[in-house]
>>> print(open('work_39.pdb').read())   # PDB, C-alpha atoms
ATOM      1  CA  LYS A   1     -12.012  -3.445  26.957  1.00  0.00           C
ATOM      2  CA  PRO A   2     -10.965  -6.885  28.155  1.00  0.00           C
ATOM      3  CA  GLY A   3     -13.748  -9.447  27.913  1.00  0.00           C
ATOM      4  CA  LYS A   4     -15.758  -7.440  25.369  1.00  0.00           C
ATOM      5  CA  PHE A   5     -14.244  -8.852  22.149  1.00  0.00           C
ATOM      6  CA  ASP A   6     -17.135 -11.207  21.285  1.00  0.00           C
ATOM      7  CA  GLU A   7     -19.778  -8.577  22.007  1.00  0.00           C
ATOM      8  CA  VAL A   8     -18.044  -5.877  19.934  1.00  0.00           C
ATOM      9  CA  TYR A   9     -17.154  -8.276  17.116  1.00  0.00           C
ATOM     10  CA  GLN A  10     -20.722  -9.611  16.807  1.00  0.00           C
ATOM     11  CA  SER A  11     -22.142  -6.080  16.934  1.00  0.00           C
ATOM     12  CA  LEU A  12     -19.830  -4.951  14.124  1.00  0.00           C
ATOM     13  CA  LYS A  13     -20.573  -8.096  12.071  1.00  0.00           C
ATOM     14  CA  SER A  14     -24.318  -7.421  12.445  1.00  0.00           C
ATOM     15  CA  GLY A  15     -23.800  -3.806  11.409  1.00  0.00           C
ATOM     16  CA  ALA A  16     -21.802  -4.898   8.372  1.00  0.00           C
ATOM     17  CA  ALA A  17     -24.521  -7.368   7.351  1.00  0.00           C
ATOM     18  CA  ALA A  18     -27.208  -4.680   7.669  1.00  0.00           C
ATOM     19  CA  ASN A  19     -25.188  -1.904   5.990  1.00  0.00           C
ATOM     20  CA  LYS A  20     -23.705  -4.092   3.224  1.00  0.00           C
ATOM     21  CA  HIS A  21     -20.876  -1.605   2.533  1.00  0.00           C
ATOM     22  CA  PHE A  22     -18.146  -2.819   4.863  1.00  0.00           C
ATOM     23  CA  LYS A  23     -16.676  -6.061   6.150  1.00  0.00           C
ATOM     24  CA  VAL A  24     -15.398  -6.982   9.597  1.00  0.00           C
ATOM     25  CA  TYR A  25     -12.490  -9.320  10.318  1.00  0.00           C
ATOM     26  CA  SER A  26     -10.922 -10.686  13.465  1.00  0.00           C
ATOM     27  CA  ASN A  27      -7.139 -11.038  13.301  1.00  0.00           C
ATOM     28  CA  ALA A  28      -7.580 -14.765  12.661  1.00  0.00           C
ATOM     29  CA  ASP A  29      -9.811 -14.020   9.639  1.00  0.00           C
ATOM     30  CA  LEU A  30      -7.589 -11.451   7.906  1.00  0.00           C
ATOM     31  CA  LEU A  31      -6.507 -12.477   4.428  1.00  0.00           C
ATOM     32  CA  PRO A  32      -2.907 -13.786   4.437  1.00  0.00           C
ATOM     33  CA  ARG A  33      -1.982 -11.665   1.380  1.00  0.00           C
ATOM     34  CA  TRP A  34      -2.552  -8.534   3.461  1.00  0.00           C
ATOM     35  CA  ASN A  35       0.397  -9.480   5.703  1.00  0.00           C
ATOM     36  CA  PHE A  36      -1.472  -7.816   8.546  1.00  0.00           C
ATOM     37  CA  ASN A  37      -2.277 -10.736  10.848  1.00  0.00           C
ATOM     38  CA  ASN A  38      -1.435 -10.058  14.482  1.00  0.00           C
ATOM     39  CA  SER A  39       0.107  -6.690  13.678  1.00  0.00           C
ATOM     40  CA  GLN A  40       1.164  -4.592  16.652  1.00  0.00           C
ATOM     41  CA  ARG A  41      -0.268  -1.607  14.754  1.00  0.00           C
ATOM     42  CA  SER A  42      -3.864  -2.794  14.854  1.00  0.00           C
ATOM     43  CA  GLY A  43      -6.456  -3.973  17.292  1.00  0.00           C
ATOM     44  CA  PRO A  44      -8.031  -7.414  17.342  1.00  0.00           C
ATOM     45  CA  ILE A  45     -10.807  -6.338  14.923  1.00  0.00           C
ATOM     46  CA  THR A  46     -10.414  -4.725  11.495  1.00  0.00           C
ATOM     47  CA  ALA A  47     -13.234  -3.071   9.522  1.00  0.00           C
ATOM     48  CA  LEU A  48     -12.794  -2.640   5.762  1.00  0.00           C
ATOM     49  CA  ALA A  49     -15.034  -0.240   3.820  1.00  0.00           C
ATOM     50  CA  ASP A  50     -16.132  -1.136   0.302  1.00  0.00           C
ATOM     51  CA  PRO A  51     -14.728   1.004  -2.545  1.00  0.00           C
ATOM     52  CA  GLY A  52     -16.623   4.282  -2.721  1.00  0.00           C
ATOM     53  CA  TYR A  53     -17.363   4.251   1.003  1.00  0.00           C
ATOM     54  CA  ALA A  54     -15.451   5.456   4.041  1.00  0.00           C
ATOM     55  CA  PHE A  55     -15.996   5.538   7.775  1.00  0.00           C
ATOM     56  CA  GLN A  56     -17.296   8.562   9.677  1.00  0.00           C
ATOM     57  CA  ASP A  57     -13.832   9.670  10.791  1.00  0.00           C
ATOM     58  CA  MET A  58     -13.196  10.625   7.162  1.00  0.00           C
ATOM     59  CA  TYR A  59     -15.413  13.668   7.719  1.00  0.00           C
ATOM     60  CA  GLU A  60     -13.204  14.757  10.612  1.00  0.00           C
ATOM     61  CA  ALA A  61     -10.249  14.725   8.223  1.00  0.00           C
ATOM     62  CA  ALA A  62     -12.370  16.560   5.646  1.00  0.00           C
ATOM     63  CA  GLU A  63     -13.044  19.329   8.173  1.00  0.00           C
ATOM     64  CA  TYR A  64      -9.299  19.680   8.748  1.00  0.00           C
ATOM     65  CA  TYR A  65      -8.585  19.927   5.005  1.00  0.00           C
ATOM     66  CA  ALA A  66     -11.442  22.398   4.523  1.00  0.00           C
ATOM     67  CA  LYS A  67     -10.027  24.696   7.211  1.00  0.00           C
ATOM     68  CA  THR A  68      -6.372  24.231   6.311  1.00  0.00           C
ATOM     69  CA  TYR A  69      -6.761  24.649   2.541  1.00  0.00           C
ATOM     70  CA  ASN A  70      -9.861  26.888   2.519  1.00  0.00           C
ATOM     71  CA  ILE A  71     -11.988  24.529   0.442  1.00  0.00           C
ATOM     72  CA  SER A  72     -15.673  23.647   0.628  1.00  0.00           C
ATOM     73  CA  ILE A  73     -16.414  19.978   1.095  1.00  0.00           C
ATOM     74  CA  THR A  74     -19.825  18.406   0.514  1.00  0.00           C
ATOM     75  CA  PRO A  75     -21.041  14.787   0.794  1.00  0.00           C
ATOM     76  CA  ASN A  76     -20.772  14.526  -3.013  1.00  0.00           C
ATOM     77  CA  TYR A  77     -17.131  15.583  -2.954  1.00  0.00           C
ATOM     78  CA  LYS A  78     -14.684  12.994  -4.310  1.00  0.00           C
ATOM     79  CA  PHE A  79     -11.878  11.986  -1.969  1.00  0.00           C
ATOM     80  CA  GLY A  80      -8.768   9.917  -2.284  1.00  0.00           C
ATOM     81  CA  VAL A  81      -8.584   7.711   0.791  1.00  0.00           C
ATOM     82  CA  HIS A  82      -6.639   4.588   1.685  1.00  0.00           C
ATOM     83  CA  GLY A  83      -7.232   1.400   3.595  1.00  0.00           C
ATOM     84  CA  TYR A  84      -8.953  -0.601   0.868  1.00  0.00           C
ATOM     85  CA  ASP A  85      -8.067  -4.024  -0.477  1.00  0.00           C
ATOM     86  CA  ASN A  86      -6.170  -2.981  -3.613  1.00  0.00           C
ATOM     87  CA  LYS A  87      -6.211  -6.394  -5.275  1.00  0.00           C
ATOM     88  CA  ASP A  88      -9.275  -5.663  -7.396  1.00  0.00           C
ATOM     89  CA  LEU A  89      -8.976  -1.857  -7.517  1.00  0.00           C
ATOM     90  CA  PRO A  90      -6.823  -0.824 -10.493  1.00  0.00           C
ATOM     91  CA  ASP A  91      -7.429   2.848  -9.601  1.00  0.00           C
ATOM     92  CA  MET A  92      -5.393   2.246  -6.441  1.00  0.00           C
ATOM     93  CA  TYR A  93      -2.389   0.683  -8.191  1.00  0.00           C
ATOM     94  CA  SER A  94       0.842   2.638  -8.063  1.00  0.00           C
ATOM     95  CA  MET A  95       3.145   3.289 -10.993  1.00  0.00           C
ATOM     96  CA  PHE A  96       6.640   1.817 -11.301  1.00  0.00           C
ATOM     97  CA  MET A  97       9.322   2.852 -13.772  1.00  0.00           C
ATOM     98  CA  ALA A  98      12.935   1.722 -13.865  1.00  0.00           C
ATOM     99  CA  LYS A  99      15.910   2.443 -16.092  1.00  0.00           C
ATOM    100  CA  GLY A 100      19.453   1.217 -15.933  1.00  0.00           C
ATOM    101  CA  PRO A 101      21.839  -1.492 -17.031  1.00  0.00           C
ATOM    102  CA  ASP A 102      19.963  -4.200 -15.104  1.00  0.00           C
ATOM    103  CA  PHE A 103      16.542  -3.461 -16.598  1.00  0.00           C
ATOM    104  CA  GLN A 104      14.891  -4.432 -19.869  1.00  0.00           C
ATOM    105  CA  GLU A 105      13.740  -1.524 -22.003  1.00  0.00           C
ATOM    106  CA  ARG A 106      10.011  -0.876 -22.414  1.00  0.00           C
ATOM    107  CA  LYS A 107       9.061  -3.900 -20.313  1.00  0.00           C
ATOM    108  CA  VAL A 108       5.470  -3.812 -19.036  1.00  0.00           C
ATOM    109  CA  LEU A 109       4.786  -5.842 -15.889  1.00  0.00           C
ATOM    110  CA  GLN A 110       1.664  -7.287 -14.359  1.00  0.00           C
ATOM    111  CA  PRO A 111       0.581  -5.503 -11.160  1.00  0.00           C
ATOM    112  CA  PHE A 112       2.743  -6.397  -8.149  1.00  0.00           C
ATOM    113  CA  ASP A 113       2.887  -5.611  -4.453  1.00  0.00           C
ATOM    114  CA  SER A 114       5.082  -2.724  -3.307  1.00  0.00           C
ATOM    115  CA  VAL A 115       6.866  -5.057  -0.873  1.00  0.00           C
ATOM    116  CA  ASP A 116       8.330  -6.804  -3.933  1.00  0.00           C
ATOM    117  CA  LEU A 117      10.502  -3.733  -4.593  1.00  0.00           C
ATOM    118  CA  TYR A 118      12.683  -4.670  -1.628  1.00  0.00           C
ATOM    119  CA  SER A 119      13.523  -8.013  -3.264  1.00  0.00           C
ATOM    120  CA  LEU A 120      14.275  -6.181  -6.501  1.00  0.00           C
ATOM    121  CA  PHE A 121      16.653  -3.740  -4.781  1.00  0.00           C
ATOM    122  CA  VAL A 122      18.391  -6.600  -2.975  1.00  0.00           C
ATOM    123  CA  LYS A 123      18.891  -8.345  -6.328  1.00  0.00           C
ATOM    124  CA  ILE A 124      20.218  -5.375  -8.298  1.00  0.00           C
ATOM    125  CA  LEU A 125      22.510  -4.323  -5.436  1.00  0.00           C
ATOM    126  CA  ASN A 126      23.689  -7.931  -5.053  1.00  0.00           C
ATOM    127  CA  LEU A 127      23.277  -7.834  -1.278  1.00  0.00           C
ATOM    128  CA  SER A 128      24.040 -10.974   0.662  1.00  0.00           C
ATOM    129  CA  ASP A 129      21.989 -12.059   3.681  1.00  0.00           C
ATOM    130  CA  PRO A 130      19.390  -9.258   3.620  1.00  0.00           C
ATOM    131  CA  PRO A 131      16.669  -9.251   6.279  1.00  0.00           C
ATOM    132  CA  PRO A 132      13.664 -11.328   5.139  1.00  0.00           C
ATOM    133  CA  THR A 133      10.453  -9.732   3.858  1.00  0.00           C
ATOM    134  CA  ASN A 134       7.161 -10.832   2.357  1.00  0.00           C
ATOM    135  CA  GLY A 135       8.345  -9.584  -1.046  1.00  0.00           C
ATOM    136  CA  SER A 136       9.214 -11.696  -4.056  1.00  0.00           C
ATOM    137  CA  LEU A 137      10.846 -11.406  -7.482  1.00  0.00           C
ATOM    138  CA  THR A 138       8.080 -13.458  -9.117  1.00  0.00           C
ATOM    139  CA  VAL A 139       6.570 -10.511 -11.030  1.00  0.00           C
ATOM    140  CA  VAL A 140       8.946  -7.580 -10.536  1.00  0.00           C
ATOM    141  CA  GLY A 141      11.947  -9.742 -11.457  1.00  0.00           C
ATOM    142  CA  GLU A 142      10.595  -9.875 -15.005  1.00  0.00           C
ATOM    143  CA  ALA A 143      11.781  -6.266 -15.389  1.00  0.00           C
ATOM    144  CA  LEU A 144      15.383  -7.432 -15.102  1.00  0.00           C
ATOM    145  CA  LYS A 145      17.454  -8.612 -18.002  1.00  0.00           C
ATOM    146  CA  SER A 146      17.375 -12.412 -17.898  1.00  0.00           C
ATOM    147  CA  SER A 147      21.137 -12.688 -17.383  1.00  0.00           C
ATOM    148  CA  ASN A 148      20.759 -10.722 -14.146  1.00  0.00           C
ATOM    149  CA  LEU A 149      18.112 -13.055 -12.737  1.00  0.00           C
ATOM    150  CA  SER A 150      20.179 -16.200 -12.855  1.00  0.00           C
ATOM    151  CA  ARG A 151      23.516 -14.894 -11.673  1.00  0.00           C
ATOM    152  CA  GLY A 152      24.690 -12.265  -9.259  1.00  0.00           C
ATOM    153  CA  HIS A 153      26.883  -9.698 -10.938  1.00  0.00           C
ATOM    154  CA  GLN A 154      29.893  -8.134  -9.326  1.00  0.00           C
ATOM    155  CA  LYS A 155      28.958  -5.177  -7.205  1.00  0.00           C
ATOM    156  CA  ASP A 156      30.527  -3.698  -4.117  1.00  0.00           C
ATOM    157  CA  PRO A 157      29.844  -6.244  -1.358  1.00  0.00           C
ATOM    158  CA  LYS A 158      29.996  -3.469   1.249  1.00  0.00           C
ATOM    159  CA  VAL A 159      26.725  -1.966   0.012  1.00  0.00           C
ATOM    160  CA  SER A 160      24.474  -2.137   3.037  1.00  0.00           C
ATOM    161  CA  ALA A 161      20.817  -2.963   3.499  1.00  0.00           C
ATOM    162  CA  ALA A 162      20.387   0.686   4.511  1.00  0.00           C
ATOM    163  CA  ILE A 163      20.611   1.601   0.816  1.00  0.00           C
ATOM    164  CA  VAL A 164      17.793  -0.819   0.071  1.00  0.00           C
ATOM    165  CA  ALA A 165      15.727   0.679   2.890  1.00  0.00           C
ATOM    166  CA  LEU A 166      16.475   4.188   1.624  1.00  0.00           C
ATOM    167  CA  GLY A 167      15.479   3.212  -1.912  1.00  0.00           C
ATOM    168  CA  SER A 168      12.238   1.658  -0.656  1.00  0.00           C
ATOM    169  CA  ALA A 169      11.502   4.754   1.429  1.00  0.00           C
ATOM    170  CA  MET A 170      12.175   7.043  -1.551  1.00  0.00           C
ATOM    171  CA  VAL A 171       9.849   5.047  -3.801  1.00  0.00           C
ATOM    172  CA  SER A 172       7.126   4.986  -1.128  1.00  0.00           C
ATOM    173  CA  PHE A 173       7.543   8.722  -0.452  1.00  0.00           C
ATOM    174  CA  SER A 174       7.343   9.467  -4.187  1.00  0.00           C
ATOM    175  CA  ILE A 175       4.138   7.475  -4.549  1.00  0.00           C
ATOM    176  CA  VAL A 176       2.510   9.101  -1.510  1.00  0.00           C
ATOM    177  CA  SER A 177       3.653  12.574  -2.644  1.00  0.00           C
ATOM    178  CA  PHE A 178       2.250  12.005  -6.114  1.00  0.00           C
ATOM    179  CA  ILE A 179      -1.122  10.891  -4.742  1.00  0.00           C
ATOM    180  CA  ALA A 180      -1.272  13.721  -2.183  1.00  0.00           C
ATOM    181  CA  THR A 181      -0.408  16.331  -4.828  1.00  0.00           C
ATOM    182  CA  PHE A 182      -3.021  14.908  -7.168  1.00  0.00           C
ATOM    183  CA  VAL A 183      -5.704  14.963  -4.447  1.00  0.00           C
ATOM    184  CA  VAL A 184      -4.869  18.534  -3.362  1.00  0.00           C
ATOM    185  CA  LEU A 185      -4.881  19.806  -6.954  1.00  0.00           C
ATOM    186  CA  TYR A 186      -8.112  17.949  -7.665  1.00  0.00           C
ATOM    187  CA  VAL A 187      -9.753  19.362  -4.525  1.00  0.00           C
ATOM    188  CA  ARG A 188      -8.648  22.920  -5.392  1.00  0.00           C
ATOM    189  CA  LYS A 189      -9.863  22.529  -8.963  1.00  0.00           C
ATOM    190  CA  ARG A 190     -13.286  21.384  -7.744  1.00  0.00           C
ATOM    191  CA  ALA A 191     -13.582  24.252  -5.242  1.00  0.00           C
TER     192      ALA A 191
END
>>> encode(input="work_39.pdb", output="structure tokens")
Amino acid sequence: KPGKFDEVYQSLKSGAAANKHFKVYSNADLLPRWNFNNSQRSGPITALADPGYAFQDMYEAAEYYAKTYNISITPNYKFGVHGYDNKDLPDMYSMFMAKGPDFQERKVLQPFDSVDLYSLFVKILNLSDPPPTNGSLTVVGEALKSSNLSRGHQKDPKVSAAIVALGSAMVSFSIVSFIATFVVLYVRKRA
């Protein structure tokens, strides 16, 4: 409610200090690398659970999955949830594989942000004037053959940014599908 920000924020900060398993941020305090500051998709306060912990609404989702998939869920049940800071959580990293004339063979990259894939697609499709993003070729560009990093190669200039968006959506969908399938199979196996 309007005028209640300070009261709610301080209450959540006190709860976080007492509980020691979550952190509370105002929009001004969000880490820049999250690219989440002043998002229209969030409120003015963000709570972030520590790895291994989740907020109470997780149990509401658990009830849905128990009913929908006929599984028994207990407090000791292992879940795959999202919303954590992935920087220091290798278990949350996604997998990336690429093959084609623009890519080096058997190249292993350091972890990178998924938003960097957009910059990669723009580069390999040789798109001019793409919409800006927070992505970069700093890490993911190392997958490309060095000759492709320094020069644009001749590709159809009519290729649109929609192809890049479609490629990004397909990669994101594949990652989410893989994780969801893994979680469902794991839950069924444990039942």
>>> closest_atom_pairs(input="work_39.pdb", of="stretch 78-157 of chain A", to="stretch 171-184 of chain A", cutoff="10 Å", atoms="all atoms listed in the file", output="JSON lines")
{"residue": "A:Lys78", "atom": "CA", "partner": "A:Val183", "partner_atom": "CA", "distance": 9.2}
{"residue": "A:Phe79", "atom": "CA", "partner": "A:Val183", "partner_atom": "CA", "distance": 7.3}
{"residue": "A:Gly80", "atom": "CA", "partner": "A:Val183", "partner_atom": "CA", "distance": 6.3}
{"residue": "A:Val81", "atom": "CA", "partner": "A:Val183", "partner_atom": "CA", "distance": 9.4}
{"residue": "A:Met92", "atom": "CA", "partner": "A:Ile179", "partner_atom": "CA", "distance": 9.8}
{"residue": "A:Ser94", "atom": "CA", "partner": "A:Ile175", "partner_atom": "CA", "distance": 6.8}
{"residue": "A:Met95", "atom": "CA", "partner": "A:Ile175", "partner_atom": "CA", "distance": 7.7}
{"residue": "A:Phe96", "atom": "CA", "partner": "A:Val171", "partner_atom": "CA", "distance": 8.8}
{"residue": "A:Ser114", "atom": "CA", "partner": "A:Ser172", "partner_atom": "CA", "distance": 8.3}
{"residue": "A:Leu117", "atom": "CA", "partner": "A:Val171", "partner_atom": "CA", "distance": 8.8}
>>> residues_near_point(input="work_39.pdb", point="(-13.1, 27.9, -0.3)", cutoff="12 Å", atoms="only C-alpha atoms", output="number ranges by chain")
A: 65-74, 187-191
>>> resolve_selection(input="work_39.pdb", expression="the PyMOL selection byres ((chain A and resi 142) around 12)", output="short mmCIF file (atom, residue, chain, number, x, y, z; two decimals) with C-alpha atoms, in the coordinates of the input")
data_model
loop_
_atom_site.label_atom_id
_atom_site.label_comp_id
_atom_site.auth_asym_id
_atom_site.auth_seq_id
_atom_site.Cartn_x
_atom_site.Cartn_y
_atom_site.Cartn_z
CA ALA A 98 12.94 1.72 -13.86
CA ASP A 102 19.96 -4.20 -15.10
CA PHE A 103 16.54 -3.46 -16.60
CA GLN A 104 14.89 -4.43 -19.87
CA GLU A 105 13.74 -1.52 -22.00
CA ARG A 106 10.01 -0.88 -22.41
CA LYS A 107 9.06 -3.90 -20.31
CA VAL A 108 5.47 -3.81 -19.04
CA LEU A 109 4.79 -5.84 -15.89
CA GLN A 110 1.66 -7.29 -14.36
CA PRO A 111 0.58 -5.50 -11.16
CA PHE A 112 2.74 -6.40 -8.15
CA ASP A 116 8.33 -6.80 -3.93
CA LEU A 120 14.28 -6.18 -6.50
CA SER A 136 9.21 -11.70 -4.06
CA LEU A 137 10.85 -11.41 -7.48
CA THR A 138 8.08 -13.46 -9.12
CA VAL A 139 6.57 -10.51 -11.03
CA VAL A 140 8.95 -7.58 -10.54
CA GLY A 141 11.95 -9.74 -11.46
CA ALA A 143 11.78 -6.27 -15.39
CA LEU A 144 15.38 -7.43 -15.10
CA LYS A 145 17.45 -8.61 -18.00
CA SER A 146 17.38 -12.41 -17.90
CA SER A 147 21.14 -12.69 -17.38
CA ASN A 148 20.76 -10.72 -14.15
CA LEU A 149 18.11 -13.06 -12.74
CA SER A 150 20.18 -16.20 -12.86
#
>>> resolve_selection(input="work_39.pdb", expression="the PyMOL selection byres ((chain A and resi 25) around 6)", output="list in words")
Val24, Ser26, Asp29, Leu30, Ile45 and Thr46 of chain A
>>> atom_distance(input="work_39.pdb", atom1="atom CA of A:Pro75", atom2="atom CA of A:Pro51")
15.5 Å
